[in-house]
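Shown next: coords-v3.tsv, given as TSV, C-alpha atoms.
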chain	number	residue	atom	x	y	z
A	1	MET	CA	15.32	-21.96	12.61
A	2	LEU	CA	19.13	-21.87	13.08
A	3	ARG	CA	19.16	-25.49	14.29
A	4	ALA	CA	17.27	-26.50	11.15
A	5	LEU	CA	19.67	-24.45	9.02
A	6	ALA	CA	22.67	-26.12	10.66
A	7	ALA	CA	21.08	-29.55	10.20
A	8	GLU	CA	20.55	-28.86	6.51
A	9	PHE	CA	23.86	-27.22	5.60
A	10	GLY	CA	26.12	-28.61	8.31
A	11	GLY	CA	26.90	-27.07	11.69
A	12	ALA	CA	30.55	-26.47	10.83
A	13	THR	CA	29.85	-24.78	7.49
A	14	ASP	CA	31.28	-21.30	7.03
A	15	ALA	CA	28.46	-18.76	6.74
A	16	ALA	CA	30.22	-17.29	3.70
A	17	ALA	CA	29.89	-20.64	1.93
A	18	LEU	CA	26.09	-20.54	2.08
A	19	GLN	CA	24.68	-19.95	-1.38
A	20	PRO	CA	21.69	-17.57	-1.29
A	21	PRO	CA	19.68	-19.54	-3.91
A	22	ALA	CA	20.23	-22.79	-1.96
A	23	VAL	CA	19.19	-21.17	1.33
A	24	ALA	CA	16.15	-19.63	-0.36
A	25	ALA	CA	15.10	-22.98	-1.85
A	26	TRP	CA	15.58	-24.75	1.49
A	27	PHE	CA	13.68	-22.04	3.36
A	28	THR	CA	10.74	-22.16	0.93
A	29	SER	CA	10.50	-25.92	0.99
A	30	ARG	CA	10.63	-26.03	4.79
A	31	TRP	CA	8.31	-23.13	5.64
A	32	GLY	CA	6.39	-22.54	2.43
A	33	ALA	CA	3.44	-24.65	3.52
A	34	ARG	CA	3.35	-23.36	7.10
A	35	SER	CA	1.11	-20.60	8.39
A	36	PRO	CA	2.00	-16.99	7.48
A	37	SER	CA	2.92	-16.25	11.09
A	38	ARG	CA	5.32	-19.22	11.28
A	39	TRP	CA	6.81	-18.18	7.95
A	40	ASN	CA	7.36	-14.63	9.18
A	41	VAL	CA	8.90	-15.74	12.48
A	42	ALA	CA	11.35	-17.99	10.62
A	43	LEU	CA	12.15	-15.28	8.08
A	44	ASP	CA	12.81	-12.75	10.84
A	45	ALA	CA	15.17	-15.20	12.49
A	46	LEU	CA	17.03	-15.77	9.22
A	47	ARG	CA	17.27	-12.03	8.57
A	48	SER	CA	18.58	-11.37	12.09
A	49	ALA	CA	21.16	-14.12	11.69
A	50	SER	CA	22.37	-12.79	8.33
A	51	ARG	CA	22.58	-9.26	9.75
A	52	TYR	CA	24.70	-10.59	12.62
A	53	TRP	CA	26.95	-12.55	10.22
A	54	ALA	CA	27.39	-9.43	8.07
A	55	ASP	CA	28.19	-7.28	11.11
A	56	GLN	CA	30.79	-9.83	12.17
A	57	GLY	CA	32.27	-9.78	8.69
A	58	TRP	CA	31.53	-13.49	8.18
A	59	ILE	CA	29.50	-12.86	5.06
A	60	THR	CA	29.94	-10.13	2.48
A	61	GLU	CA	27.32	-7.61	1.60
A	62	ASP	CA	26.02	-8.04	-1.92
A	63	PRO	CA	27.76	-5.22	-3.87
A	64	ALA	CA	24.78	-4.96	-6.24
A	65	ARG	CA	22.52	-4.11	-3.33
A	66	LEU	CA	24.82	-1.35	-2.09
A	67	LEU	CA	25.35	-0.05	-5.62
A	68	ARG	CA	21.65	0.18	-6.24
A	69	ARG	CA	21.01	1.85	-2.89
A	70	MET	CA	23.89	4.27	-3.36
A	71	LEU	CA	22.82	5.23	-6.88
A	72	TYR	CA	19.30	5.82	-5.66
A	73	GLU	CA	20.27	7.89	-2.64
A	74	THR	CA	23.03	9.96	-4.23
A	75	ALA	CA	21.60	10.26	-7.72
A	76	ALA	CA	25.15	9.87	-9.02
A	77	ARG	CA	26.06	8.18	-12.29
A	78	SER	CA	27.02	4.53	-11.91
A	79	ALA	CA	30.39	5.17	-13.52
A	80	GLU	CA	31.12	7.86	-10.92
A	81	VAL	CA	30.25	5.56	-8.06
A	82	LEU	CA	32.22	2.66	-9.50
A	83	ARG	CA	35.29	4.92	-9.67
A	84	LEU	CA	35.12	5.59	-5.91
A	85	ASP	CA	38.00	4.51	-3.71
A	86	VAL	CA	37.63	3.78	-0.02
A	87	GLU	CA	39.79	6.85	0.73
A	88	ASP	CA	37.21	9.05	-1.03
A	89	LEU	CA	34.51	8.12	1.47
A	90	ASP	CA	33.70	10.37	4.41
A	91	LEU	CA	31.71	7.75	6.33
A	92	PRO	CA	30.87	9.83	9.44
A	93	ASN	CA	29.45	12.61	7.27
A	94	ARG	CA	27.88	10.24	4.73
A	95	ARG	CA	29.49	11.80	1.69
A	96	ALA	CA	32.20	11.29	-0.88
A	97	LYS	CA	34.03	13.20	-3.57
A	98	VAL	CA	33.35	12.03	-7.09
A	99	ARG	CA	34.74	13.09	-10.42
A	100	ARG	CA	31.88	14.14	-12.65
A	101	LYS	CA	31.73	13.51	-16.35
A	102	GLY	CA	33.97	16.25	-17.75
A	103	GLY	CA	36.38	16.11	-14.83
A	104	ALA	CA	34.77	18.43	-12.27
A	105	ILE	CA	34.98	17.29	-8.65
A	106	ASP	CA	31.64	17.10	-6.87
A	107	VAL	CA	30.34	15.79	-3.57
A	108	ILE	CA	27.65	13.13	-3.32
A	109	VAL	CA	25.67	12.62	-0.14
A	110	TRP	CA	23.87	9.45	0.93
A	111	GLN	CA	21.24	8.44	3.45
A	112	THR	CA	20.77	5.83	6.15
A	113	GLY	CA	20.40	2.83	3.83
A	114	THR	CA	23.81	3.31	2.21
A	115	ALA	CA	25.36	4.29	5.55
A	116	ARG	CA	24.21	0.96	7.00
A	117	LEU	CA	25.38	-1.16	4.07
A	118	LEU	CA	28.78	0.44	3.47
A	119	PRO	CA	30.63	-0.94	6.55
A	120	ARG	CA	29.38	-4.42	5.72
A	121	LEU	CA	30.88	-4.20	2.25
A	122	LEU	CA	34.12	-2.59	3.45
A	123	LYS	CA	34.74	-5.06	6.27
A	124	GLY	CA	37.44	-2.78	7.66
A	125	ARG	CA	39.21	-2.02	4.36
A	126	LYS	CA	40.91	1.39	4.48
A	127	SER	CA	42.01	1.75	0.88
A	128	GLY	CA	41.54	0.51	-2.65
A	129	PRO	CA	38.50	0.55	-4.92
A	130	LEU	CA	35.13	0.58	-3.12
A	131	PHE	CA	33.40	-1.95	-5.39
A	132	LEU	CA	35.45	-5.06	-6.04
A	133	THR	CA	35.04	-8.17	-8.15
A	134	GLY	CA	34.48	-11.48	-6.41
A	135	ARG	CA	37.90	-12.93	-7.30
A	136	ARG	CA	41.47	-11.82	-7.91
A	137	ALA	CA	42.15	-9.99	-11.14
A	138	ARG	CA	43.39	-12.31	-13.89
A	139	VAL	CA	44.65	-9.59	-16.22
A	140	GLU	CA	47.11	-6.76	-15.81
A	141	LEU	CA	45.34	-3.68	-14.40
A	142	PRO	CA	46.51	-0.24	-13.27
A	143	PRO	CA	47.50	-0.35	-9.57
A	144	GLY	CA	44.68	2.06	-8.71
A	145	ASP	CA	42.11	-0.50	-9.86
A	146	ILE	CA	43.32	-3.30	-7.60
A	147	ASP	CA	42.76	-3.82	-3.89
A	148	PRO	CA	46.32	-4.30	-2.58
A	149	ALA	CA	45.23	-6.57	0.27
A	150	SER	CA	43.13	-9.08	-1.65
A	151	GLY	CA	44.27	-8.60	-5.23
A	152	ARG	CA	40.67	-8.22	-6.34
A	153	ALA	CA	39.93	-5.73	-9.13
A	154	ARG	CA	37.67	-2.73	-9.30
A	155	LEU	CA	34.20	-3.70	-10.47
A	156	SER	CA	33.75	-2.58	-14.06
A	157	TYR	CA	30.56	-1.11	-15.45
A	158	ARG	CA	29.94	-4.32	-17.41
A	159	GLN	CA	30.41	-6.52	-14.32
A	160	ALA	CA	28.24	-4.20	-12.24
A	161	GLU	CA	25.58	-4.39	-14.91
A	162	ALA	CA	25.65	-8.19	-14.81
A	163	LEU	CA	25.40	-8.24	-11.00
A	164	PHE	CA	22.64	-5.70	-11.09
A	165	ARG	CA	20.69	-7.62	-13.70
A	166	ALA	CA	20.96	-10.81	-11.68
A	167	ALA	CA	19.88	-9.08	-8.46
A	168	SER	CA	17.02	-7.10	-9.97
A	169	GLY	CA	15.47	-9.65	-12.29
A	170	GLY	CA	16.74	-8.12	-15.52
A	171	ALA	CA	16.66	-4.36	-14.89
A	172	THR	CA	19.66	-2.47	-16.23
A	173	LEU	CA	21.80	0.18	-14.61
A	174	HIS	CA	20.84	2.41	-17.47
A	175	GLN	CA	17.22	2.30	-16.32
A	176	LEU	CA	18.34	3.94	-13.11
A	177	ARG	CA	19.89	6.81	-15.01
A	178	PRO	CA	18.05	10.02	-14.35
A	179	ARG	CA	16.23	11.38	-17.31
A	180	TRP	CA	17.97	14.72	-17.01
A	181	GLN	CA	21.19	13.02	-18.04
A	182	GLN	CA	19.89	12.78	-21.55
A	183	GLU	CA	21.82	15.28	-23.63
A	184	HIS	CA	18.77	16.98	-25.04
A	185	ASP	CA	17.34	17.93	-21.63
A	186	PRO	CA	16.80	21.72	-21.80
A	187	ALA	CA	17.22	22.06	-18.02
A	188	ARG	CA	20.64	20.48	-18.29
A	189	ARG	CA	21.71	22.91	-20.98
A	190	ARG	CA	20.32	25.86	-19.08
A	191	GLU	CA	22.22	25.05	-15.92
A	192	GLY	CA	25.40	24.10	-17.71
A	193	GLY	CA	25.25	20.48	-16.64
A	194	ARG	CA	25.22	21.21	-12.92
A	195	LEU	CA	21.99	20.14	-11.32
A	196	THR	CA	21.02	19.81	-7.71
A	197	ALA	CA	20.61	16.42	-6.08
A	198	ARG	CA	16.94	17.14	-5.66
A	199	ARG	CA	16.39	17.41	-9.38
A	200	VAL	CA	18.34	14.25	-9.92
A	201	ILE	CA	16.36	12.32	-7.35
A	202	VAL	CA	13.16	13.32	-9.09
A	203	GLY	CA	14.67	11.95	-12.29
A	204	VAL	CA	15.63	8.67	-10.68
A	205	MET	CA	12.24	8.19	-9.16
A	206	ALA	CA	10.62	8.80	-12.50
A	207	ALA	CA	12.53	5.80	-13.81
A	208	ALA	CA	11.24	3.56	-11.03
A	209	PRO	CA	7.91	1.75	-11.47
A	210	LEU	CA	4.97	3.78	-10.27
A	211	PRO	CA	3.32	2.49	-7.10
A	212	GLU	CA	-0.07	0.92	-7.62
A	213	VAL	CA	-2.91	3.29	-6.85
A	214	PRO	CA	-5.49	1.61	-4.63
A	215	GLU	CA	-8.85	1.13	-6.30
A	216	ASP	CA	-11.45	3.76	-5.47
A	217	ARG	CA	-14.26	1.81	-3.82
A	218	GLU	CA	-16.62	4.74	-4.35
A	219	ASP	CA	-16.11	4.75	-8.11
A	220	PRO	CA	-19.59	3.99	-9.56
A	221	ALA	CA	-18.05	1.56	-12.08
A	222	VAL	CA	-16.39	-0.34	-9.22
A	223	ILE	CA	-19.64	-0.41	-7.26
A	224	LEU	CA	-21.55	-1.69	-10.28
A	225	ARG	CA	-18.94	-4.36	-10.96
A	226	ASP	CA	-18.94	-5.67	-7.38
A	227	LEU	CA	-22.65	-5.47	-6.68
A	228	PRO	CA	-24.70	-8.66	-6.84
A	229	GLU	CA	-26.68	-8.82	-10.09
A	230	ARG	CA	-30.02	-8.30	-8.32
A	231	GLU	CA	-28.91	-4.89	-6.95
A	232	ARG	CA	-27.55	-3.39	-10.15
A	233	ASP	CA	-30.75	-2.00	-11.67
A	234	LEU	CA	-31.67	-0.35	-8.39
A	235	PHE	CA	-28.21	1.16	-8.08
A	236	LEU	CA	-28.19	2.42	-11.65
A	237	GLY	CA	-31.64	3.98	-11.31
A	238	GLN	CA	-30.72	5.77	-8.12
A	239	TYR	CA	-27.30	6.73	-9.47
A	240	ARG	CA	-28.82	8.41	-12.51
A	241	GLU	CA	-31.23	10.31	-10.28
A	242	SER	CA	-28.38	11.43	-8.06
A	243	VAL	CA	-26.26	12.50	-11.01
A	244	GLU	CA	-29.23	14.46	-12.31
A	245	GLU	CA	-29.56	16.16	-8.93
A	246	ALA	CA	-25.83	16.87	-8.87
A	247	GLN	CA	-26.25	19.22	-11.81
A	248	ASP	CA	-27.22	21.60	-9.06
A	249	PRO	CA	-24.01	22.24	-7.07
A	250	ALA	CA	-25.90	21.53	-3.85
A	251	GLY	CA	-26.52	18.00	-5.08
A	252	TYR	CA	-22.84	17.13	-5.35
A	253	ALA	CA	-22.41	16.35	-1.66
A	254	ARG	CA	-25.45	14.10	-1.83
A	255	LEU	CA	-24.02	12.28	-4.83
A	256	ARG	CA	-20.81	11.65	-2.90
A	257	LYS	CA	-22.74	10.39	0.10
A	258	PHE	CA	-24.81	8.20	-2.20
A	259	LEU	CA	-21.68	6.60	-3.64
A	260	HIS	CA	-20.17	6.23	-0.18
A	261	ASP	CA	-23.33	4.51	1.09
A	262	TRP	CA	-23.41	2.16	-1.87
A	263	SER	CA	-19.74	1.31	-1.48
A	264	ILE	CA	-20.60	0.11	2.02
A	265	ARG	CA	-23.65	-1.67	0.69
A	266	VAL	CA	-21.43	-3.58	-1.73
A	267	ILE	CA	-19.57	-5.02	1.25
A	268	ALA	CA	-22.81	-5.77	3.09
A	269	CYS	CA	-24.54	-7.37	0.10
A	270	ASN	CA	-21.59	-9.66	-0.49
A	271	SER	CA	-21.46	-10.83	3.12
A	272	PRO	CA	-22.82	-14.34	3.68
A	273	GLY	CA	-26.47	-14.49	4.68
A	274	TYR	CA	-27.10	-10.82	3.95
A	275	TYR	CA	-30.39	-11.37	2.11
A	276	GLU	CA	-31.64	-13.84	4.71
A	277	ARG	CA	-30.99	-11.28	7.40
A	278	THR	CA	-32.59	-8.33	5.63
A	279	ASP	CA	-35.38	-9.57	3.38
A	280	PRO	CA	-38.62	-8.47	5.08
A	281	ASP	CA	-40.57	-11.29	3.39
A	282	ARG	CA	-38.49	-13.87	5.18
A	283	VAL	CA	-39.18	-12.34	8.57
A	284	LYS	CA	-41.95	-14.37	10.13
A	285	GLU	CA	-42.18	-12.56	13.41
A	286	PRO	CA	-44.09	-9.27	13.46
A	287	GLY	CA	-42.32	-5.97	13.80
A	288	ILE	CA	-42.82	-3.61	16.71
A	289	PRO	CA	-43.88	0.00	16.21
A	290	ILE	CA	-41.21	2.48	17.10
A	291	GLU	CA	-43.54	4.08	19.68
A	292	GLU	CA	-43.28	0.91	21.72
A	293	VAL	CA	-39.48	0.97	21.55
A	294	PHE	CA	-39.24	4.69	22.22
A	295	PRO	CA	-42.32	5.72	24.22
A	296	ASP	CA	-41.25	9.34	23.81
A	297	TRP	CA	-40.86	8.97	20.05
A	298	PRO	CA	-43.09	11.99	19.13
A	299	GLU	CA	-40.98	14.26	21.34
A	300	ARG	CA	-37.73	12.77	20.01
A	301	LEU	CA	-38.95	13.19	16.45
A	302	ALA	CA	-39.89	16.80	17.09
A	303	ALA	CA	-36.48	17.46	18.68
A	304	ALA	CA	-34.70	15.84	15.71
A	305	ILE	CA	-36.66	17.99	13.27
A	306	ALA	CA	-35.91	21.09	15.31
A	307	ALA	CA	-32.22	20.21	15.41
A	308	ARG	CA	-32.16	19.84	11.61
A	309	ALA	CA	-33.88	23.17	11.16
B	1	MET	CA	-49.68	7.96	1.95
B	2	THR	CA	-48.50	8.04	5.54
B	3	TYR	CA	-45.82	5.83	6.96
B	4	ARG	CA	-45.14	4.55	10.40
B	5	ILE	CA	-41.91	3.13	11.63
B	6	GLN	CA	-41.65	-0.33	13.04
B	7	PHE	CA	-38.63	-2.34	14.05
B	8	GLU	CA	-38.32	-5.76	12.48
B	9	PRO	CA	-37.09	-8.61	14.66
B	10	PRO	CA	-33.49	-8.57	13.38
B	11	ALA	CA	-33.27	-4.89	14.25
B	12	LEU	CA	-34.89	-5.48	17.63
B	13	ARG	CA	-32.38	-8.19	18.42
B	14	GLN	CA	-29.57	-5.80	17.62
B	15	LEU	CA	-31.14	-3.05	19.69
B	16	ASN	CA	-30.91	-5.30	22.73
B	17	GLY	CA	-27.93	-3.98	24.64
B	18	PHE	CA	-27.51	-1.02	22.31
B	19	PRO	CA	-25.55	1.76	24.08
B	20	GLY	CA	-27.60	4.84	25.03
B	21	ASP	CA	-25.49	7.13	22.85
B	22	ALA	CA	-26.07	4.92	19.83
B	23	LEU	CA	-29.81	4.94	20.47
B	24	ASP	CA	-29.70	8.72	20.54
B	25	ALA	CA	-27.81	8.73	17.25
B	26	LEU	CA	-30.38	6.40	15.75
B	27	VAL	CA	-33.25	8.80	16.40
B	28	PRO	CA	-32.33	11.49	13.83
B	29	VAL	CA	-31.65	8.79	11.24
B	30	MET	CA	-35.08	7.29	11.78
B	31	ALA	CA	-36.59	10.76	11.80
B	32	ASP	CA	-34.96	11.36	8.43
B	33	VAL	CA	-36.43	8.14	7.09
B	34	SER	CA	-39.93	8.91	8.33
B	35	LEU	CA	-39.79	12.43	6.94
B	36	HIS	CA	-38.31	11.46	3.57
B	37	PRO	CA	-39.52	7.97	2.82
B	38	ASP	CA	-39.17	8.46	-0.92
B	39	ASP	CA	-35.62	9.71	-0.81
B	40	PRO	CA	-33.43	6.99	-2.33
B	41	LEU	CA	-30.44	8.39	-0.49
B	42	ARG	CA	-32.04	7.74	2.88
B	43	THR	CA	-34.12	4.62	2.40
B	44	ARG	CA	-34.30	1.51	0.30
B	45	PRO	CA	-37.41	-0.04	-1.19
B	46	GLY	CA	-38.53	-3.25	0.48
B	47	ALA	CA	-39.92	-6.33	-1.17
B	48	LYS	CA	-43.32	-4.65	-1.34
B	49	PRO	CA	-43.92	-1.20	-2.81
B	50	ASP	CA	-45.31	0.15	0.45
B	51	GLU	CA	-42.23	-0.77	2.43
B	52	ARG	CA	-39.06	1.24	2.89
B	53	TRP	CA	-36.16	0.32	5.06
B	54	ALA	CA	-32.86	1.79	6.10
B	55	GLU	CA	-29.51	0.78	7.48
B	56	PHE	CA	-27.73	2.26	10.45
B	57	GLY	CA	-24.12	1.34	11.01
B	58	GLY	CA	-24.50	-1.59	8.65
B	59	ALA	CA	-27.45	-3.08	10.56
B	60	GLN	CA	-31.06	-3.00	9.49
B	61	ASP	CA	-32.59	-0.63	11.93
B	62	GLY	CA	-36.06	0.21	10.97
B	63	HIS	CA	-38.79	-0.59	8.62
B	64	LEU	CA	-41.44	1.68	7.25
B	65	GLY	CA	-44.74	0.20	6.32
B	66	ASP	CA	-47.80	1.73	4.72
B	67	ARG	CA	-50.55	1.63	7.31
Rewrite the structure from the file as structure tokens, please.
Amino acid sequence: MLRALAAEFGGATDAAALQPPAVAAWFTSRWGARSPSRWNVALDALRSASRYWADQGWITEDPARLLRRMLYETAARSAEVLRLDVEDLDLPNRRAKVRRKGGAIDVIVWQTGTARLLPRLLKGRKSGPLFLTGRRARVELPPGDIDPASGRARLSYRQAEALFRAASGGATLHQLRPRWQQEHDPARRREGGRLTARRVIVGVMAAAPLPEVPEDREDPAVILRDLPERERDLFLGQYRESVEEAQDPAGYARLRKFLHDWSIRVIACNSPGYYERTDPDRVKEPGIPIEEVFPDWPERLAAAIAARA
Amino acid sequence: MTYRIQFEPPALRQLNGFPGDALDALVPVMADVSLHPDDPLRTRPGAKPDERWAEFGGAQDGHLGDR
């Protein structure tokens, strides 16, 4: 994979000069038509290489990625996080002091994802704003908003928003804002604006898209939809009987078993050759009585009945 | 109407090499079928009205015929 990458972009090219969209387009064109396993092997190799380049400081971590991860894990406001300086960070203890809206000092705490990404963004910087723009500042800014080493400026909310939009396909930073931040939230008023991280995280997660719930294969509507046409009347007839029986609480377990059995039957009926294998009319050879298969069938039957009783 | 159980050839083919434990597990299922041939939760109607059949572990395992 790396040989192919070097052949495409030049062996002497600086890793930092690689443009993610160009690499993505090249990768897709080269491996898009290959088998999934080949694709995954190549993708793993590319990921490992980019991790190594980031660890070496050859490429810079995408600030939008860290910002998103940090906002999610700390439940802080984006403005608070954008105001962070490198000196505010307590990297070993995964926390930082932030100035809340209104001026109060608070501590935010992050998890493994942020802890992993932070050193890649910092690349050894010991001071200055945490989130920086890509180039040197072109306008006069307060000294506290400029990285003295590189001359790059603190990332503004508007610039962060643009980066975030580009990285997330149009989502806004505002959409990450916890719902409790809304001024009318009664909980916020009750607790005087100080809420625990746990509450905030619940708010953030509520703003994220809900995960898809897997379809219930034992839902009678799903069974009916997936059954071959020829089975549907039989299913419906039996289903109505079972529902009728389930009016008695004892019948509920049987209804569940009925739906479970039919959900399996859906799979069986849709398997190739199912009707050829199971249609008794198509079976030319005679069957064999069970007594010939199990010579002790009467005893076994009696034992089975006794066991049920 | 009385029923007797017979194994159709597809079921017989699958029984060949069936583990002993699985055969033991099959017995109560077949007993259920023979005792409750009209129970739609245990058996399925065959192509003819006097036939019922059942599945065990996804395989057709037995066939009840009116004799």
| request: Just give me the residues with any atom within 12 Å of (-20.1, 13.6, -2.3), file coordinates, counting all atoms listed in the file, written as a PyMOL selection string. | output: (chain A and resi 218-219+242-243+245-246+249-262) or (chain B and resi 41)
| message | Distance cut-off 6 Å, counting all atoms listed in the file - which residues of chain B neighbour chain A? Return them as a ChimeraX atom specification. | response | /B:5-9,28,31,41
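As for atom CA of Glu231 of chain A and atom CA of Thr43 of chain B, they are spaced 14.3 Å apart.
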| task | Grab the atom CA of Pro129 of chain A to atom CA of Asp14 of chain A distance for me, in Å with one decimal place. | result | 25.9 Å
| query | Counting only C-alpha atoms, what is within 8 Å of Ala76 of chain A, bar same-chain residues fewer than 5 positions away, as JSON, numbers by chain? | reply | {"A": [71, 81, 108]}
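Here atom CA of Gly11 of chain A is placed at a distance of 15.2 Å from atom CA of Leu46 of chain A.
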| task | Can you pull out every residue within 12 Å of Ser150 of chain A, counting only C-alpha atoms, but drop anything in the same chain fewer than 2 positions away, and send it as a ChimeraX atom specification? | result | /A:125,127-129,132-137,145-148,152-154
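Those residues that approach segment 21-33 of chain A to within 9 Å, counting all atoms listed in the file, are Leu5, Glu8, Phe9, Trp39, Ala42 and Leu43 of chain A; same-chain residues fewer than 6 positions away are not listed.
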Could you work out an axis-aligned box for segment 33-51 of chain A, taking every atom the file lists and adding 6 Å on each side, and report centre and edge lengths in Å to one decimal, as JSON?
{"center_x": 11.8, "center_y": -17.0, "center_z": 8.0, "size_x": 33.5, "size_y": 27.4, "size_z": 21.0}
| Nearest to Gly103 of chain A, chosen from A:Glu80, A:Asp90, A:Arg138, A:Ala45, with all atoms listed in the file counted in the distances | A:Glu80
